[in-house]
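K.L.:
Dropping a structure here in structure tokens format, bear with me for questions.
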Amino acid sequence: MPASIEYDNDLPIAEMIKVINQHMKEIHNIISALDLGITEVKDDGVYRTFNNGDVLKIASGSYKKLQVPSKRIKLF
């Protein structure tokens with residue numbers, strides 16, 4: 001059976017991760033082609049950097065890094 005999101009109940013976790021990564025690459029290629037650039041969060045605000053090098057400040061504020069005392073991930 002080919003790997004597809006439609007058959008997620010029949011696939012092992014490794015196959016699911018492979019399919020998701022493949023779709024993420026496709027989405028990344030589309031975003032790159034649209035010249036949407038990347039979003040960066042810096043200490044003084046949120047910036048959008050476009051593929052041609054232009055930088056646009058989207059939001060101002062204090063975005064200092066926070067220390068998380070413990071990390072927990074709930075999968076299911």
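Chain labels follow the order of the structure tokens: the first chain is A, the next B, and so on; residue numbering restarts at 1 in every chain, and ligands are counted from 1 in their shown order.
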Find the residues around Gly45 (chain A) up to 10 Å (only C-alpha atoms counted), leave out those fewer than 4 positions away in its own chain, and share them as a PyMOL selection string.
P.N.:
chain A and resi 40-41+57-64
K.L.:
Those same residues - C-alpha atoms - I'd like them written as an mmCIF file, in the first residue's frame.
P.N.:
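Now in out28.cif:
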```cif
data_model
loop_
_atom_site.group_PDB
_atom_site.id
_atom_site.type_symbol
_atom_site.label_atom_id
_atom_site.label_comp_id
_atom_site.auth_asym_id
_atom_site.auth_seq_id
_atom_site.Cartn_x
_atom_site.Cartn_y
_atom_site.Cartn_z
ATOM 1 C CA GLU A 40 11.978 35.710 12.536
ATOM 2 C CA VAL A 41 11.316 36.617 16.146
ATOM 3 C CA LYS A 57 9.160 44.699 10.786
ATOM 4 C CA ILE A 58 5.724 43.177 11.422
ATOM 5 C CA ALA A 59 5.316 43.759 15.162
ATOM 6 C CA SER A 60 7.177 45.634 17.882
ATOM 7 C CA GLY A 61 7.538 44.441 21.415
ATOM 8 C CA SER A 62 9.739 42.619 23.878
ATOM 9 C CA TYR A 63 10.269 39.034 22.780
ATOM 10 C CA LYS A 64 13.095 37.917 25.027
#
```
K.L.:
What gap, in Å, lies between CA of Ile38 (chain A) and CA of Asn51 (chain A)?
P.N.:
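Taking CA of Ile38 (chain A) and CA of Asn51 (chain A), their separation equals 8.1 Å.
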K.L.:
Quick one: of A:Leu66, A:Phe50, A:Lys71, A:Met16, who's nearest to Ile31 (chain A), counting only C-alpha atoms?
P.N.:
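Closest candidate: A:Phe50.
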K.L.:
With only C-alpha atoms as the atoms that count, which of A:Gly37, A:Met24, A:Arg72, A:Lys42 lies nearest to Val55 (chain A)?
P.N.:
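Ranking A:Gly37, A:Met24, A:Arg72, A:Lys42 by distance to Val55 (chain A), first place goes to A:Gly37.
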K.L.:
Could you go through region 14-51 of chain A and tell me which residues DSSP, when run on the backbone, assigns to strand (DSSP E or B), listing them as a PyMOL selection string?
P.N.:
chain A and resi 38-42+45-49
K.L.:
Using CA of Thr49 (chain A) and CA of Ser32 (chain A) as the two end points, give the distance in Å to one decimal.
P.N.:
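Pair CA of Thr49 (chain A) / CA of Ser32 (chain A) returns 11.6 Å.
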